[in-house]
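S.K.: Pasting model30.csv here (CSV, C-alpha atoms):
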chain,number,residue,atom,x,y,z
A,837,MET,CA,53.5,-29.2,0.2
A,838,LYS,CA,51.2,-26.3,-0.6
A,839,MET,CA,49.0,-25.0,2.1
A,840,PHE,CA,45.8,-23.1,1.6
A,841,VAL,CA,44.7,-20.8,4.3
A,842,VAL,CA,41.1,-19.3,4.3
A,843,PHE,CA,40.5,-16.3,6.3
A,844,VAL,CA,36.9,-16.0,7.6
A,845,ILE,CA,35.8,-12.9,9.4
A,846,LEU,CA,32.8,-13.4,11.7
A,847,VAL,CA,31.4,-10.2,12.9
A,848,HIS,CA,29.0,-10.9,15.7
A,849,VAL,CA,27.3,-7.5,16.2
A,850,SER,CA,23.7,-7.3,17.4
A,851,GLN,CA,22.6,-3.9,16.2
A,852,HIS,CA,19.2,-4.2,17.9
A,853,ALA,CA,17.1,-6.5,20.0
A,854,SER,CA,13.4,-6.4,20.2
A,855,ALA,CA,10.4,-8.3,21.6
A,856,VAL,CA,7.2,-9.3,19.9
A,857,GLU,CA,4.1,-10.7,21.6
A,858,VAL,CA,1.3,-12.6,19.8
A,859,TYR,CA,-1.4,-15.1,20.7
A,860,GLU,CA,-1.6,-18.7,19.8
A,861,GLY,CA,-3.7,-19.2,16.7
A,862,ASP,CA,-2.9,-15.8,15.2
A,863,GLN,CA,-2.6,-16.0,11.4
A,864,PHE,CA,0.9,-14.5,11.2
A,865,VAL,CA,3.6,-12.3,12.8
A,866,LEU,CA,6.4,-10.3,11.3
A,867,LEU,CA,9.8,-10.5,12.9
A,868,PRO,CA,11.6,-7.2,11.9
A,869,CYS,CA,15.1,-7.1,10.5
A,870,GLU,CA,16.7,-4.4,8.2
A,871,SER,CA,20.2,-4.3,6.8
A,872,GLN,CA,21.8,-3.2,3.6
A,873,THR,CA,23.5,-6.0,1.6
A,874,PHE,CA,24.5,-4.3,-1.7
A,875,GLU,CA,28.2,-4.2,-0.7
A,876,LEU,CA,28.4,-8.0,-0.4
A,877,ASP,CA,28.9,-10.6,-3.1
A,878,GLU,CA,26.6,-13.6,-3.0
A,879,PRO,CA,24.6,-12.2,0.0
A,880,SER,CA,22.3,-14.4,2.0
A,881,VAL,CA,20.2,-14.0,5.2
A,882,VAL,CA,19.5,-16.7,7.7
A,883,TRP,CA,16.9,-16.7,10.5
A,884,SER,CA,17.9,-19.1,13.3
A,885,ARG,CA,16.7,-20.4,16.6
A,886,TYR,CA,19.8,-21.7,18.4
A,887,ASP,CA,17.8,-23.7,20.9
A,888,LEU,CA,16.6,-26.0,18.1
A,889,ASN,CA,18.4,-28.7,16.1
A,890,PRO,CA,18.6,-28.0,13.2
A,891,SER,CA,18.6,-24.3,14.1
A,892,THR,CA,17.7,-22.9,10.7
A,893,VAL,CA,14.2,-21.3,10.6
A,894,HIS,CA,14.5,-19.7,7.1
A,895,GLN,CA,17.3,-19.0,4.6
A,896,ARG,CA,17.1,-16.8,1.6
A,897,GLN,CA,19.8,-16.3,-1.2
A,898,GLN,CA,19.8,-14.2,-4.3
A,899,GLU,CA,18.3,-17.1,-6.3
A,900,GLY,CA,15.5,-17.5,-3.8
A,901,ASP,CA,14.6,-19.5,-0.6
A,902,GLU,CA,17.0,-22.2,0.4
A,903,LEU,CA,15.1,-24.5,2.8
A,904,LYS,CA,16.9,-27.8,2.7
A,905,ASP,CA,18.3,-27.3,6.2
A,906,GLN,CA,15.1,-25.8,7.6
A,907,ASN,CA,13.8,-27.2,10.9
A,908,GLN,CA,10.6,-29.2,10.0
A,909,LEU,CA,8.7,-27.3,12.8
A,910,TYR,CA,8.6,-24.4,10.4
A,911,SER,CA,7.9,-26.2,7.1
A,912,SER,CA,5.5,-24.2,4.9
A,913,ARG,CA,5.1,-21.5,7.6
A,914,THR,CA,7.9,-19.0,6.8
A,915,SER,CA,8.4,-16.5,4.0
A,916,MET,CA,10.4,-13.4,3.1
A,917,LYS,CA,9.9,-10.6,0.5
A,918,THR,CA,11.2,-11.6,-2.9
A,919,ASP,CA,13.3,-8.5,-3.1
A,920,ALA,CA,14.5,-8.7,0.5
A,921,LEU,CA,18.3,-8.7,-0.3
A,922,GLU,CA,17.8,-5.8,-2.7
A,923,THR,CA,15.8,-3.5,-0.5
A,924,GLY,CA,17.4,-4.5,2.9
A,925,ASP,CA,14.0,-5.4,4.4
A,926,LEU,CA,15.0,-8.9,5.8
A,927,SER,CA,11.9,-9.3,8.0
A,928,LEU,CA,10.5,-12.8,8.4
A,929,ASN,CA,6.8,-13.7,8.1
A,930,LEU,CA,5.8,-16.6,10.3
A,931,THR,CA,2.3,-18.0,10.0
A,932,LYS,CA,-0.1,-20.2,12.1
A,933,LEU,CA,1.4,-19.4,15.5
A,934,HIS,CA,2.0,-22.2,18.1
A,935,LEU,CA,3.0,-21.9,21.7
A,936,SER,CA,6.2,-23.8,20.7
A,937,ASP,CA,7.2,-20.9,18.5
A,938,SER,CA,8.2,-18.9,21.5
A,939,GLY,CA,11.9,-18.3,21.6
A,940,SER,CA,14.8,-16.1,20.5
A,941,TYR,CA,15.2,-15.6,16.7
A,942,THR,CA,18.4,-14.3,15.2
A,943,CYS,CA,18.7,-12.6,11.8
A,944,THR,CA,22.2,-13.0,10.3
A,945,VAL,CA,23.6,-11.7,7.0
A,946,ARG,CA,26.3,-13.6,5.2
A,947,GLY,CA,28.3,-12.8,2.1
A,948,PHE,CA,31.7,-12.1,0.6
A,949,SER,CA,33.6,-8.8,0.5
A,950,MET,CA,37.0,-8.7,-1.3
A,951,GLY,CA,37.1,-12.5,-1.3
A,952,ILE,CA,36.6,-12.7,2.4
A,953,GLU,CA,33.6,-14.4,3.9
A,954,ARG,CA,31.7,-12.1,6.3
A,955,GLU,CA,28.9,-12.7,8.8
A,956,LEU,CA,26.9,-10.0,10.5
A,957,ARG,CA,24.5,-10.8,13.3
A,958,VAL,CA,22.0,-8.0,12.6
A,959,THR,CA,19.2,-8.4,15.2
A,960,ASP,CA,17.7,-10.7,17.9
A,961,VAL,CA,13.9,-10.9,18.2
A,962,HIS,CA,12.3,-12.5,21.2
A,963,LEU,CA,9.0,-13.9,20.2
A,964,GLN,CA,6.4,-14.8,22.9
A,965,VAL,CA,3.3,-16.7,21.9
A,966,LYS,CA,0.7,-16.5,24.6
A,967,GLU,CA,-2.3,-18.6,25.3
A,968,ARG,CA,-5.3,-16.7,24.2
A,969,PHE,CA,-7.2,-17.9,27.3
A,970,PRO,CA,-5.3,-19.3,30.3
A,971,SER,CA,-6.7,-22.5,31.9
A,972,TRP,CA,-8.3,-20.8,34.9
A,973,ALA,CA,-10.0,-18.4,32.5
A,974,LYS,CA,-11.5,-21.3,30.5
A,975,ALA,CA,-13.0,-22.8,33.6
A,976,LEU,CA,-14.4,-19.5,34.6
A,977,LEU,CA,-15.9,-18.8,31.2
A,978,VAL,CA,-17.7,-22.2,31.2
A,979,LEU,CA,-19.6,-21.0,34.2
A,980,LEU,CA,-20.2,-17.5,32.7
A,981,VAL,CA,-21.4,-18.2,29.2
A,982,LEU,CA,-23.7,-15.2,29.2
A,983,GLY,CA,-20.9,-13.0,30.5
A,984,LEU,CA,-18.7,-14.3,27.8
A,985,LEU,CA,-21.1,-13.3,25.1
A,986,VAL,CA,-21.5,-9.8,26.5
A,987,SER,CA,-17.8,-9.4,27.1
A,988,GLY,CA,-17.0,-10.7,23.7
A,989,ALA,CA,-19.3,-8.1,22.1
A,990,LEU,CA,-17.7,-5.3,24.1
A,991,LEU,CA,-14.2,-6.5,23.2
A,992,VAL,CA,-15.0,-6.6,19.5
A,993,HIS,CA,-16.5,-3.1,19.7
A,994,PHE,CA,-13.7,-1.5,21.6
A,995,ARG,CA,-11.0,-3.3,19.7
A,996,GLN,CA,-12.4,-1.8,16.5
A,997,TYR,CA,-12.6,1.6,18.2
A,998,PHE,CA,-9.1,1.6,19.7
A,999,MET,CA,-7.1,-0.3,17.1
A,1000,SER,CA,-8.1,1.7,14.0
A,1001,VAL,CA,-5.4,1.3,11.3
A,1002,TYR,CA,-4.6,4.3,9.2
A,1003,GLN,CA,-2.6,4.4,5.9
A,1004,VAL,CA,-0.6,7.4,5.0
A,1005,GLU,CA,1.4,8.0,1.8
A,1006,VAL,CA,4.1,10.5,1.1
A,1007,GLU,CA,6.8,11.2,-1.5
A,1008,GLU,CA,10.4,10.8,-0.4
A,1009,GLY,CA,11.9,14.3,-0.1
A,1010,ALA,CA,8.8,15.9,1.5
A,1011,GLU,CA,9.5,18.2,4.4
A,1012,SER,CA,7.3,16.3,6.8
A,1013,VAL,CA,4.4,13.9,7.1
A,1014,GLN,CA,1.8,13.6,9.8
A,1015,LEU,CA,0.9,10.2,11.4
A,1016,PRO,CA,-2.7,10.7,12.7
A,1017,CYS,CA,-3.8,9.5,16.1
A,1018,LYS,CA,-6.9,11.1,17.7
A,1019,THR,CA,-9.3,9.8,20.4
A,1020,THR,CA,-12.5,10.8,22.1
A,1021,VAL,CA,-11.6,9.0,25.3
A,1022,HIS,CA,-10.7,11.1,28.3
A,1023,LEU,CA,-7.0,10.9,29.1
A,1024,PRO,CA,-5.6,11.4,32.6
A,1025,LYS,CA,-3.1,14.2,33.1
A,1026,ASP,CA,-0.3,11.8,34.1
A,1027,ALA,CA,-0.8,9.6,31.0
A,1028,LYS,CA,2.3,8.5,29.0
A,1029,VAL,CA,2.2,8.6,25.1
A,1030,GLU,CA,4.7,6.5,23.3
A,1031,TRP,CA,5.2,6.1,19.5
A,1032,ARG,CA,7.2,3.1,18.3
A,1033,ASP,CA,8.1,1.7,14.9
A,1034,ARG,CA,7.8,-1.9,13.6
A,1035,GLY,CA,11.2,-2.7,15.0
A,1036,ASP,CA,10.1,-1.6,18.5
A,1037,TRP,CA,12.4,1.4,18.4
A,1038,LYS,CA,11.1,4.4,20.3
A,1039,VAL,CA,10.1,7.2,17.9
A,1040,HIS,CA,8.7,9.7,20.4
A,1041,VAL,CA,7.9,9.7,24.1
A,1042,TYR,CA,5.6,12.2,25.9
A,1043,GLN,CA,5.5,11.9,29.7
A,1044,ASN,CA,5.1,14.1,32.8
A,1045,GLY,CA,3.7,16.9,30.6
A,1046,SER,CA,6.6,17.2,28.2
A,1047,ASP,CA,8.6,15.4,25.4
A,1048,GLN,CA,11.3,13.0,26.5
A,1049,PRO,CA,13.9,13.2,23.6
A,1050,GLU,CA,16.5,11.3,25.6
A,1051,GLU,CA,14.4,8.2,25.3
A,1052,GLN,CA,14.0,8.2,21.5
A,1053,ASP,CA,16.2,6.2,19.1
A,1054,ASP,CA,19.0,8.1,17.4
A,1055,VAL,CA,17.4,7.6,14.0
A,1056,TYR,CA,14.5,9.8,15.0
A,1057,LYS,CA,16.5,12.5,16.9
A,1058,ASN,CA,15.3,16.0,16.0
A,1059,ARG,CA,12.8,14.6,13.5
A,1060,THR,CA,9.6,14.3,15.5
A,1061,GLU,CA,7.1,16.7,16.9
A,1062,MET,CA,3.8,16.5,18.8
A,1063,LYS,CA,1.2,19.2,19.4
A,1064,ARG,CA,0.9,21.2,22.7
A,1065,ASN,CA,-1.8,20.3,25.2
A,1066,LEU,CA,-2.1,16.9,23.5
A,1067,LEU,CA,-3.8,15.1,26.4
A,1068,LYS,CA,-6.3,17.9,26.7
A,1069,THR,CA,-7.1,18.1,23.0
A,1070,ARG,CA,-6.8,14.3,22.6
A,1071,ASP,CA,-4.8,14.8,19.4
A,1072,LEU,CA,-1.8,12.6,19.7
A,1073,SER,CA,-0.7,12.9,16.1
A,1074,LEU,CA,3.0,12.8,15.3
A,1075,THR,CA,4.8,14.9,12.8
A,1076,LEU,CA,7.8,13.1,11.2
A,1077,LYS,CA,10.2,15.3,9.4
A,1078,TYR,CA,12.1,14.5,6.2
A,1079,PRO,CA,10.6,11.0,5.6
A,1080,THR,CA,12.8,8.6,3.6
A,1081,ASN,CA,12.5,5.1,2.3
A,1082,LYS,CA,13.8,3.8,5.6
A,1083,ASP,CA,10.7,5.1,7.3
A,1084,LYS,CA,8.4,2.9,5.2
A,1085,VAL,CA,7.1,0.9,8.1
A,1086,SER,CA,4.2,0.7,10.5
A,1087,PHE,CA,4.1,3.0,13.6
A,1088,THR,CA,2.1,2.4,16.8
A,1089,CYS,CA,0.8,5.0,19.2
A,1090,THR,CA,0.2,3.7,22.7
A,1091,VAL,CA,-1.2,5.5,25.8
A,1092,TYR,CA,-0.4,4.2,29.3
A,1093,ASN,CA,-1.8,5.2,32.7
A,1094,ARG,CA,0.4,5.7,35.8
A,1095,GLU,CA,0.3,2.0,36.5
A,1096,GLY,CA,1.5,1.0,33.1
A,1097,ASP,CA,-1.9,-0.2,31.8
A,1098,ILE,CA,-2.7,0.4,28.1
A,1099,LEU,CA,-5.5,2.9,27.7
A,1100,MET,CA,-5.6,2.9,23.9
A,1101,LYS,CA,-3.4,1.9,21.0
A,1102,LYS,CA,-3.6,2.9,17.3
A,1103,GLN,CA,-1.5,1.8,14.3
A,1104,VAL,CA,-0.4,3.9,11.3
A,1105,GLU,CA,1.0,2.4,8.1
A,1106,LEU,CA,3.4,4.8,6.3
A,1107,LYS,CA,4.2,4.4,2.6
A,1108,VAL,CA,7.1,6.4,1.2
A,1109,LYS,CA,7.3,6.7,-2.5
A,1110,ASP,CA,10.8,6.4,-4.0
A,1111,CYS,CA,12.5,9.6,-5.2
A,1112,GLN,CA,13.2,9.6,-8.9
A,1113,VAL,CA,15.3,12.1,-10.8
A,1114,GLU,CA,15.5,12.4,-14.6
A,1115,VAL,CA,17.9,14.4,-16.7
A,1116,GLU,CA,19.1,14.5,-20.3
A,1117,GLU,CA,22.6,13.5,-21.2
A,1118,GLY,CA,24.7,16.6,-22.0
A,1119,GLU,CA,23.1,18.8,-19.3
A,1120,GLU,CA,25.6,20.8,-17.2
A,1121,SER,CA,24.6,19.1,-14.0
A,1122,VAL,CA,21.9,17.3,-12.0
A,1123,GLN,CA,21.1,17.4,-8.3
A,1124,LEU,CA,20.3,14.3,-6.2
A,1125,PRO,CA,18.2,15.9,-3.4
A,1126,PHE,CA,18.6,14.9,0.3
A,1127,ARG,CA,17.5,17.3,3.0
A,1128,THR,CA,17.3,16.2,6.6
A,1129,THR,CA,17.4,17.7,10.1
A,1130,PRO,CA,20.1,20.3,10.8
A,1131,ASP,CA,22.9,20.2,13.4
A,1132,LEU,CA,24.1,16.6,12.7
A,1133,PRO,CA,27.2,15.5,14.6
A,1134,GLU,CA,30.3,17.5,13.5
A,1135,ASP,CA,32.3,14.2,13.2
A,1136,ALA,CA,29.7,12.5,11.1
A,1137,THR,CA,30.5,10.8,7.8
A,1138,VAL,CA,28.4,11.3,4.7
A,1139,GLU,CA,28.7,8.8,1.8
A,1140,TRP,CA,27.0,8.7,-1.6
A,1141,LYS,CA,27.1,5.4,-3.4
A,1142,HIS,CA,25.9,4.2,-6.8
A,1143,TYR,CA,24.9,0.7,-5.8
A,1144,GLU,CA,23.0,-0.6,-8.8
A,1145,PRO,CA,23.9,-1.9,-11.2
A,1146,LYS,CA,26.7,-3.6,-9.4
A,1147,PRO,CA,29.5,-3.4,-8.3
A,1148,PRO,CA,28.7,-0.5,-5.8
A,1149,MET,CA,30.9,2.6,-6.3
A,1150,THR,CA,31.7,5.5,-4.0
A,1151,VAL,CA,30.4,8.6,-5.7
A,1152,HIS,CA,31.3,11.1,-3.0
A,1153,LEU,CA,32.7,10.9,0.5
A,1154,TYR,CA,32.6,13.6,3.2
A,1155,GLU,CA,34.7,12.6,6.2
A,1156,ASN,CA,36.6,14.4,8.9
A,1157,ARG,CA,34.9,17.6,8.1
A,1158,SER,CA,36.0,17.7,4.4
A,1159,ASP,CA,35.6,16.0,1.1
A,1160,GLN,CA,37.7,13.0,0.3
A,1161,PRO,CA,38.2,12.9,-3.5
A,1162,ASP,CA,41.0,10.3,-3.2
A,1163,LYS,CA,38.4,7.8,-2.0
A,1164,GLN,CA,35.8,8.2,-4.7
A,1165,HIS,CA,35.5,6.0,-7.8
A,1166,GLN,CA,37.4,7.1,-10.8
A,1167,ASP,CA,34.2,7.6,-12.9
A,1168,TYR,CA,33.1,10.4,-10.6
A,1169,LYS,CA,36.5,12.3,-10.3
A,1170,ASP,CA,35.9,16.1,-10.5
A,1171,ARG,CA,32.2,15.6,-11.2
A,1172,THR,CA,30.6,15.8,-7.8
A,1173,GLU,CA,30.0,18.6,-5.3
A,1174,MET,CA,28.3,19.0,-2.0
A,1175,LYS,CA,27.3,22.2,-0.2
A,1176,LYS,CA,29.3,23.9,2.6
A,1177,ASP,CA,28.3,23.4,6.2
A,1178,LEU,CA,26.2,20.4,5.1
A,1179,LEU,CA,26.1,18.8,8.6
A,1180,LYS,CA,25.0,22.1,10.1
A,1181,THR,CA,22.2,22.8,7.6
A,1182,GLY,CA,21.1,19.2,7.0
A,1183,ASP,CA,21.3,19.7,3.2
A,1184,LEU,CA,23.2,16.6,2.0
A,1185,SER,CA,22.2,17.0,-1.7
A,1186,LEU,CA,24.8,16.0,-4.3
A,1187,THR,CA,25.5,17.9,-7.5
A,1188,LEU,CA,26.6,15.5,-10.3
A,1189,LYS,CA,28.2,17.4,-13.2
A,1190,HIS,CA,28.0,16.4,-16.9
A,1191,PRO,CA,25.6,13.4,-16.3
A,1192,LYS,CA,25.9,10.6,-18.8
A,1193,GLN,CA,23.9,7.5,-19.5
A,1194,THR,CA,26.3,5.2,-17.5
A,1195,ASP,CA,25.3,7.2,-14.4
A,1196,THR,CA,21.8,5.8,-14.6
A,1197,GLY,CA,20.9,3.5,-11.7
A,1198,LYS,CA,20.1,3.5,-8.0
A,1199,TYR,CA,21.9,5.7,-5.5
A,1200,TRP,CA,22.2,5.6,-1.7
A,1201,CYS,CA,23.3,8.3,0.8
A,1202,GLY,CA,24.1,7.4,4.4
A,1203,VAL,CA,25.2,9.4,7.4
A,1204,TYR,CA,27.3,7.6,10.0
A,1205,ASN,CA,28.5,8.5,13.5
A,1206,GLN,CA,31.9,7.6,14.8
A,1207,ASN,CA,30.7,4.2,15.8
A,1208,GLY,CA,29.5,3.4,12.3
A,1209,VAL,CA,25.8,3.6,13.3
A,1210,ILE,CA,23.6,4.9,10.4
A,1211,LEU,CA,21.9,8.1,11.6
A,1212,ARG,CA,20.2,9.0,8.3
A,1213,GLN,CA,19.9,7.4,4.9
A,1214,LYS,CA,18.0,7.8,1.6
A,1215,ARG,CA,17.7,5.9,-1.7
A,1216,MET,CA,16.8,7.3,-5.1
A,1217,LYS,CA,16.8,6.4,-8.8
A,1218,LEU,CA,18.6,8.5,-11.4
A,1219,ASN,CA,17.6,8.2,-15.1
A,1220,VAL,CA,19.9,9.9,-17.6
A,1221,LYS,CA,18.2,10.0,-21.0
A,1222,GLY,CA,20.1,10.0,-24.2
A,1223,ASN,CA,20.3,13.3,-26.0
A,1224,ILE,CA,18.3,12.8,-29.3
A,1225,ARG,CA,19.7,15.9,-30.9
A,1226,ASN,CA,23.3,14.9,-30.4
A,1227,SER,CA,22.7,11.3,-31.6
A,1228,SER,CA,21.0,12.5,-34.8
A,1229,SER,CA,23.7,14.9,-35.6
A,1230,SER,CA,26.3,12.2,-35.3
A,1231,ILE,CA,25.0,10.2,-38.3
A,1232,ASP,CA,27.6,9.6,-41.0
A,1233,PRO,CA,26.7,11.8,-44.0
A,1234,THR,CA,28.8,9.8,-46.5
A,1235,PRO,CA,25.8,7.7,-47.8
A,1236,LEU,CA,23.9,10.9,-48.5
A,1237,MET,CA,26.8,12.4,-50.4
A,1238,ALA,CA,27.2,9.2,-52.5
A,1239,ASP,CA,23.5,9.4,-53.6
A,1240,GLN,CA,24.0,13.0,-54.7
A,1241,SER,CA,27.0,12.0,-56.9
A,1242,VAL,CA,25.1,9.4,-58.9
Would you give me this structure, written as structure tokens?

M.R.:
Amino acid sequence: MKMFVVFVILVHVSQHASAVEVYEGDQFVLLPCESQTFELDEPSVVWSRYDLNPSTVHQRQQEGDELKDQNQLYSSRTSMKTDALETGDLSLNLTKLHLSDSGSYTCTVRGFSMGIERELRVTDVHLQVKERFPSWAKALLVLLVLGLLVSGALLVHFRQYFMSVYQVEVEEGAESVQLPCKTTVHLPKDAKVEWRDRGDWKVHVYQNGSDQPEEQDDVYKNRTEMKRNLLKTRDLSLTLKYPTNKDKVSFTCTVYNREGDILMKKQVELKVKDCQVEVEEGEESVQLPFRTTPDLPEDATVEWKHYEPKPPMTVHLYENRSDQPDKQHQDYKDRTEMKKDLLKTGDLSLTLKHPKQTDTGKYWCGVYNQNGVILRQKRMKLNVKGNIRNSSSSIDPTPLMADQSV
């Protein structure tokens, strides 16, 4: 009797948990989730609520949405980006919010690697949908119609004033970008200023008259800066160093008083243009640029990959304080080079020697710590153009010689 044994590896790792609050009746909410999937075959992402039956909120595969197992509570109310599995932005858009949408949502990535099924629990998002007006407030507002009209006008006025949305655009590879946040409102000396990204990760915290770097997430370590005397000048703008495609999200600046009440809040949308490199085939070399903050951990790993077209290939690996040529793909043997003291200087650029047309595609560079957490990453496109001179010189001259002999 033949026995078939299938090994299934289930990796239950919650990389990040966040909370999102919205009001009943809001048009939409975005539940954040980011994870690279290019190393998996047949990747898919599933959003679930395990307190429901069926638990599937939304499922997306390479071919498109797969909604046959979707809970009917979410019918026609969920969507994801069409290129989600390619870009790694697996965020879920949920529309027409109801109170019953409150709960814990789990983003899970599934796929195959070396023939083995893998499952990664990427993030948990707790969504709370609040009543726009509590019952006691409704009763009070019935008695205070005039007060409601006045308060409503003030609310609209101040919301437009305090919730201005800015859009900033920068090219990937720039040394820095400024996320603007200025106010005319007087701020108390003990105010707390907090910048967060769309995933609710702490980008920068200013409290008790100084920065609080121990509170920010590792992704933003040594990459942020705010001006001096910011509460006095009321300029709360944030400088973000070495922006990459990973930073292409919305950022929120919030100011709290000592009691924790919100004094003001402003949002900034950051758009980072992809880095593109062009070179002619036959050139001696081409550089794929990646500069980030210096003084990265000495035990960090730096990996360059050519991930599209598939299958992904390791172009260059720096691990245990040295290059690892035995771990790179055969196509790149003796053709790659990185600078010395790269973790100390933050220059992770890769020199690719003798570029050829088959090198054309999308490249990704990631920096990991010992626990496998991605500290820095960057994507770029390389286009190796065919050398016209070489191609023309390779034409067979035989037909021309035959004409001359007639």

S.K.: Find, counting all atoms listed in the file, the residue in A:Asp937, A:Asp1162, A:Asp1033, A:Asp1135 that gets nearest to Gly1208 of chain A.

M.R.: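 The shortest atom-to-atom distance to Gly1208 of chain A comes from A:Asp1135.
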
S.K.: One decimal, in Å: what's the spacing between atom CA of Val1006 of chain A and atom CA of Val1039 of chain A?

M.R.: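 Computing it gives 18.1 Å between the two atoms.
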
S.K.: Can you list every residue of segment 1032-1125 of chain A that has an atom at most 9 Å from segment 1172-1192 of chain A, with its nearest atom pair and the distance in Å to one decimal, using all atoms listed in the file, ordered by chain then number, as CSV?

M.R.:
residue,atom,partner,partner_atom,distance
A:Val1115,CA,A:Pro1191,CA,7.8
A:Glu1116,CA,A:Pro1191,CA,7.7
A:Glu1117,CA,A:Lys1192,CA,5.0
A:Gly1118,CA,A:His1190,CA,6.1
A:Glu1119,CA,A:His1190,CA,6.0
A:Glu1120,CA,A:His1190,CA,5.0
A:Ser1121,CA,A:Lys1189,CA,4.1
A:Val1122,CA,A:Leu1188,CA,5.3
A:Gln1123,CA,A:Thr1187,CA,4.5
A:Leu1124,CA,A:Leu1186,CA,5.2
A:Pro1125,CA,A:Ser1185,CA,4.5

S.K.: Calculated over only C-alpha atoms, which of the candidates A:Lys1028, A:His1142, A:Lys966, A:Arg1034 has the smallest distance to Val1091 of chain A?

M.R.: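 Using only C-alpha atoms, the shortest distance to Val1091 of chain A belongs to A:Lys1028.
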
S.K.: List every protein, DNA or RNA residue with an atom no more than 12 Å from (18.4, -19.6, 4.3) in the file's coordinates, counting all atoms listed in the file, and format the result as a VMD selection string.

M.R.: chain A and resid 879 to 884 891 to 907 914 to 916 921 926 928 943 to 946

S.K.: Determine the nearest neighbour of Pro1016 of chain A from the options A:Glu870, A:Glu1105, A:Glu967, A:Glu1030, counting all atoms listed in the file.

M.R.: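 Of all the options, A:Glu1105 lies closest to Pro1016 of chain A.
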
S.K.: State, in Å with one decimal place, the distance from atom CA of Lys1146 of chain A to atom CA of Leu876 of chain A.

M.R.: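 Here the two named atoms are 10.2 Å from each other.
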
S.K.: For atom CA of Glu1144 of chain A and atom CA of Val1004 of chain A, quote the distance in Å rounded to one decimal.

M.R.: 28.5 Å

S.K.: Calculated over only C-alpha atoms, which of the candidates A:Gln1166, A:Gly947, A:Cys1201, A:Leu866 has the smallest distance to Lys917 of chain A?

M.R.: A:Leu866

S.K.: Show which residues sit within 9 Å of Leu1099 of chain A, as a ChimeraX atom specification. Count all atoms listed in the file, and ignore same-chain residues fewer than 4 positions away.

M.R.: /A:998,1021,1023,1027,1090-1093

S.K.: Mind writing the picked residues with C-alpha atoms as a PDB file, in the frame of the given file?

M.R.:
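Below is the file part_36.pdb, written as the result:
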ATOM      1  CA  PHE A 998      -9.100   1.600  19.700  1.00  0.00           C
ATOM      2  CA  VAL A1021     -11.600   9.000  25.300  1.00  0.00           C
ATOM      3  CA  LEU A1023      -7.000  10.900  29.100  1.00  0.00           C
ATOM      4  CA  ALA A1027      -0.800   9.600  31.000  1.00  0.00           C
ATOM      5  CA  THR A1090       0.200   3.700  22.700  1.00  0.00           C
ATOM      6  CA  VAL A1091      -1.200   5.500  25.800  1.00  0.00           C
ATOM      7  CA  TYR A1092      -0.400   4.200  29.300  1.00  0.00           C
ATOM      8  CA  ASN A1093      -1.800   5.200  32.700  1.00  0.00           C
TER       9      ASN A1093
END
